Amino acid sequence: MSHAQRLRQRIEDEIVSGELALGSRLDENQLAARFGVSRTPIREALLQLAVTGLVQTKPRRGAIVSAPEPHLLLAMFETMAEIEAACGRLAARRLVAEDAAALRAALEGCRAALATEDTEAYYAENYVFHTVVYRASRNAFLAEQALSLHRRLAPYRRLQLRVRQRLPQSLAEHEAIVAAIIAGDEAGAADVLRSHVIVQGDRFTDLVAGLRAPSAA
């Protein structure tokens with residue numbers, strides 16, 4: 001992970017946690033002094049955050065803490081759900097012993113993280129789990145696209161995991177994903193992955209509320 005990526009992660013954490021409220025100005029000089037770095041990696045970090053929609057650049061105000069419009073966020077999750085469904089379907093069709101073992105190991109990593117009740121630890125294992133599914137598709141281009149969009153949606157997927165009871169539900173869904181892939185159930189793997197990723201109804205309302213809450217603090 002590059003210096004700019006580490007800085008992006010730290011700033012992202014503060015935005016997602018609400019320490020940096022919506023509408024807050026992100027001054028490059030102040031951030032550089034605070035983190036003890038030059039402005040260059042700060043500028044790179046802010047550009048990376050702008051791709052996710054967590055930061056927006058406005059005339060005469062510079063970079064500010066933002067959030068994507070709900071319709072755009074929904075569209076991104078819908079696209080992610082279909083891409084992951086495709087990965088699951090292909091993984092179920094093309095599974096090899098190496099990927100089956102990796103899936104089981106990634107699932108155990110998620111189970112161990114859940115036992116700690118540490119959301120960030122679980123998110124790290126969740127990331128590994130999904131990358132294993134992508135790799136198991138045996139389609140390098142599809143896996144690359146899935147990973148790219150997963151990274152773009154990372155802050156929002158992390159925020160989702162903070163909803164009450166979401167972690168055990170997520171683990172149960174992971175168990176169903178692994179079972180379907182190992183059983184060679186292409187349609188089942190696609191369906192459970194699609195449902196796992198998509199945000200609709202209450203899940204979408206919770207996600208948007210989590211993004212908007214800091215501005216009301």
# chains A, B, ... in the order shown; residues from 1 in each chain; ligands from 1

$ residues_around --residues "A:Leu7" --least-positions-apart "5" --cutoff "12 Å" --atoms "only C-alpha atoms" --output "list in words"
Met1, Ser2, Glu12, Asp13, Glu14, Glu28, Leu31, Ala32, Arg34, Phe35, Gly36, Val37, Ser38, Arg39, Thr40, Pro41, Ile42, Arg43, Glu44, Ala45, Leu46, Leu47, Gln48 and Leu49 of chain A

$ residues_around --residues "stretch 162-174 of chain A" --least-positions-apart "5" --cutoff "12 Å" --atoms "only C-alpha atoms" --output "PyMOL selection string"
chain A and resi 16-17+88+103-123+125-130+132-133+155-157+179-181+188-189+191-197+202-211

$ atom_distance --atom1 "atom CA of A:Gln160" --atom2 "atom CA of A:Leu26"
24.4 Å

$ closest_residue --among "A:Arg8, A:His71, A:Arg61, A:Arg138" --to "A:Arg89" --atoms "only C-alpha atoms"
A:Arg138

$ atom_distance --atom1 "atom CA of A:Val55" --atom2 "atom CA of A:Ala67"
7.1 Å

$ select_by_dssp --residues "stretch 6-201 of chain A" --states "strand (DSSP E or B)" --output "list in words"
Arg25, Leu26, Val55, Gln56, Thr57, Lys58, Gly62, Ala63, Ile64 and Val65 of chain A

$ closest_residue --among "A:Ala21, A:Ala86, A:Ala81, A:Ala101" --to "A:Ala143" --atoms "only C-alpha atoms"
A:Ala86

$ atom_distance --atom1 "atom CA of A:Leu73" --atom2 "atom CA of A:Ala91"
26.7 Å

$ closest_residue --among "A:Ile15, A:Ala154, A:Ala176, A:Ala146" --to "A:Glu84" --atoms "only C-alpha atoms"
A:Ala146

$ closest_residue --among "A:Asp185, A:Leu153, A:Tyr134, A:Gln56" --to "A:Glu78" --atoms "only C-alpha atoms"
A:Leu153

$ closest_residue --among "A:Ala63, A:Ala136, A:Phe77, A:Ile182" --to "A:Ala50" --atoms "only C-alpha atoms"
A:Ala63

$ closest_residue --among "A:Ser137, A:Thr131, A:Thr52, A:Gln145" --to "A:Pro68" --atoms "only C-alpha atoms"
A:Thr52
